[in-house]
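**Q** Sharing a structure here in structure tokens format.
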Amino acid sequence: MIKIYPAAIVGAVLLAASPALAASQITCSQIPKAEAFLHKLKPGPNTRAAWKHLELAKHAKSDHACVTQLGEVNYYAKKSMRADKAVAKKSGGSTQ
């Protein structure tokens, strides 16, 4: 039986599988959303790296540089989120 998945799920899987494709979907207008997301993460090395790259994106001299830095924010934020979930799972708590 063939399952039909919503386009959003397929798109998310493709973005996760292809960093080049993911970077092409990132825009500098997403800085406020990225910042809001980072506020939800627990402190740690990946969160600090994400914040560092967010600051670099905010001060980038070109759209290309901004998008490149936001790609790094995305990379470290995902790692931080996975770590937060793993800790929550071990402790039986929530990620929030």
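As shown in the structure tokens, the chain order sets the letters A, B, ...; within each chain, residues go from 1, and ligands are also counted from 1 in the order they appear.
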For region 36-50 of chain A, work out the shell of residues within 10 Å, counting only C-alpha atoms and skipping chain neighbours fewer than 5 positions away, then give it as a PyMOL selection string.
**A** chain A and resi 31+55-56+69-81+83-84+95-96
**Q** Any chance you could export the current selection's C-alpha atoms as a PDB file, in the first residue's frame?
**A**
```pdb
ATOM      1  CA  ILE A  31      16.093  36.085  11.815  1.00  0.00           C
ATOM      2  CA  GLU A  55      24.691  37.423  15.760  1.00  0.00           C
ATOM      3  CA  LEU A  56      26.919  36.957  12.713  1.00  0.00           C
ATOM      4  CA  GLN A  69      25.113  32.044   8.989  1.00  0.00           C
ATOM      5  CA  LEU A  70      21.424  31.191   9.395  1.00  0.00           C
ATOM      6  CA  GLY A  71      22.226  27.761   7.970  1.00  0.00           C
ATOM      7  CA  GLU A  72      24.730  27.366  10.790  1.00  0.00           C
ATOM      8  CA  VAL A  73      22.117  28.569  13.294  1.00  0.00           C
ATOM      9  CA  ASN A  74      19.799  25.882  11.953  1.00  0.00           C
ATOM     10  CA  TYR A  75      22.491  23.199  12.252  1.00  0.00           C
ATOM     11  CA  TYR A  76      23.378  23.994  15.870  1.00  0.00           C
ATOM     12  CA  ALA A  77      19.790  24.640  16.940  1.00  0.00           C
ATOM     13  CA  LYS A  78      18.777  21.196  15.678  1.00  0.00           C
ATOM     14  CA  LYS A  79      21.650  19.607  17.602  1.00  0.00           C
ATOM     15  CA  SER A  80      20.676  21.529  20.729  1.00  0.00           C
ATOM     16  CA  MET A  81      17.021  20.556  20.371  1.00  0.00           C
ATOM     17  CA  ALA A  83      20.150  17.130  23.124  1.00  0.00           C
ATOM     18  CA  ASP A  84      17.345  18.826  25.079  1.00  0.00           C
ATOM     19  CA  THR A  95      11.614  19.768  26.825  1.00  0.00           C
ATOM     20  CA  GLN A  96       9.983  23.071  27.801  1.00  0.00           C
TER      21      GLN A  96
END
```
**Q** Could you pull out the alpha helix (DSSP H) residues of region 13-72 of chain A, going by DSSP on the backbone, and write them as a PyMOL selection string?
**A** chain A and resi 13-17+19-25+31-39+45-58+63-72
**Q** Go ahead and write the residues just picked, C-alpha atoms, as a compact mmCIF listing (two decimals), in the first residue's frame.
**A**
```txt
# COMPACT_ATOMS: atom_id res chain seq x y z
CA VAL A 13 12.57 15.37 5.08
CA LEU A 14 14.15 16.75 1.92
CA LEU A 15 15.49 19.78 3.79
CA ALA A 16 17.01 17.58 6.47
CA ALA A 17 18.55 15.32 3.86
CA PRO A 19 21.88 20.97 3.42
CA ALA A 20 22.26 22.75 0.07
CA LEU A 21 18.51 22.61 -0.49
CA ALA A 22 17.86 23.72 3.09
CA ALA A 23 20.15 26.71 2.68
CA SER A 24 18.27 27.77 -0.45
CA GLN A 25 15.04 27.90 1.57
CA ILE A 31 16.09 36.09 11.82
CA PRO A 32 13.29 37.00 14.29
CA LYS A 33 11.84 33.48 14.10
CA ALA A 34 15.29 31.95 14.59
CA GLU A 35 15.88 34.17 17.60
CA ALA A 36 12.51 33.24 19.13
CA PHE A 37 13.30 29.56 18.63
CA LEU A 38 16.73 29.88 20.27
CA HIS A 39 15.11 31.41 23.35
CA PRO A 45 27.54 24.38 23.67
CA ASN A 46 25.27 23.94 20.64
CA THR A 47 22.92 26.67 21.82
CA ARG A 48 25.87 29.03 22.33
CA ALA A 49 27.13 28.21 18.83
CA ALA A 50 23.67 28.89 17.39
CA TRP A 51 23.53 32.28 19.17
CA LYS A 52 27.01 33.15 17.87
CA HIS A 53 25.96 32.42 14.29
CA LEU A 54 22.71 34.34 14.75
CA GLU A 55 24.69 37.42 15.76
CA LEU A 56 26.92 36.96 12.71
CA ALA A 57 23.79 36.70 10.53
CA LYS A 58 22.41 39.92 12.00
CA ASP A 63 22.30 38.27 1.89
CA HIS A 64 24.55 35.35 1.02
CA ALA A 65 26.57 35.77 4.21
CA CYS A 66 23.38 36.13 6.25
CA VAL A 67 21.84 32.98 4.77
CA THR A 68 25.08 31.06 5.32
CA GLN A 69 25.11 32.04 8.99
CA LEU A 70 21.42 31.19 9.39
CA GLY A 71 22.23 27.76 7.97
CA GLU A 72 24.73 27.37 10.79
```
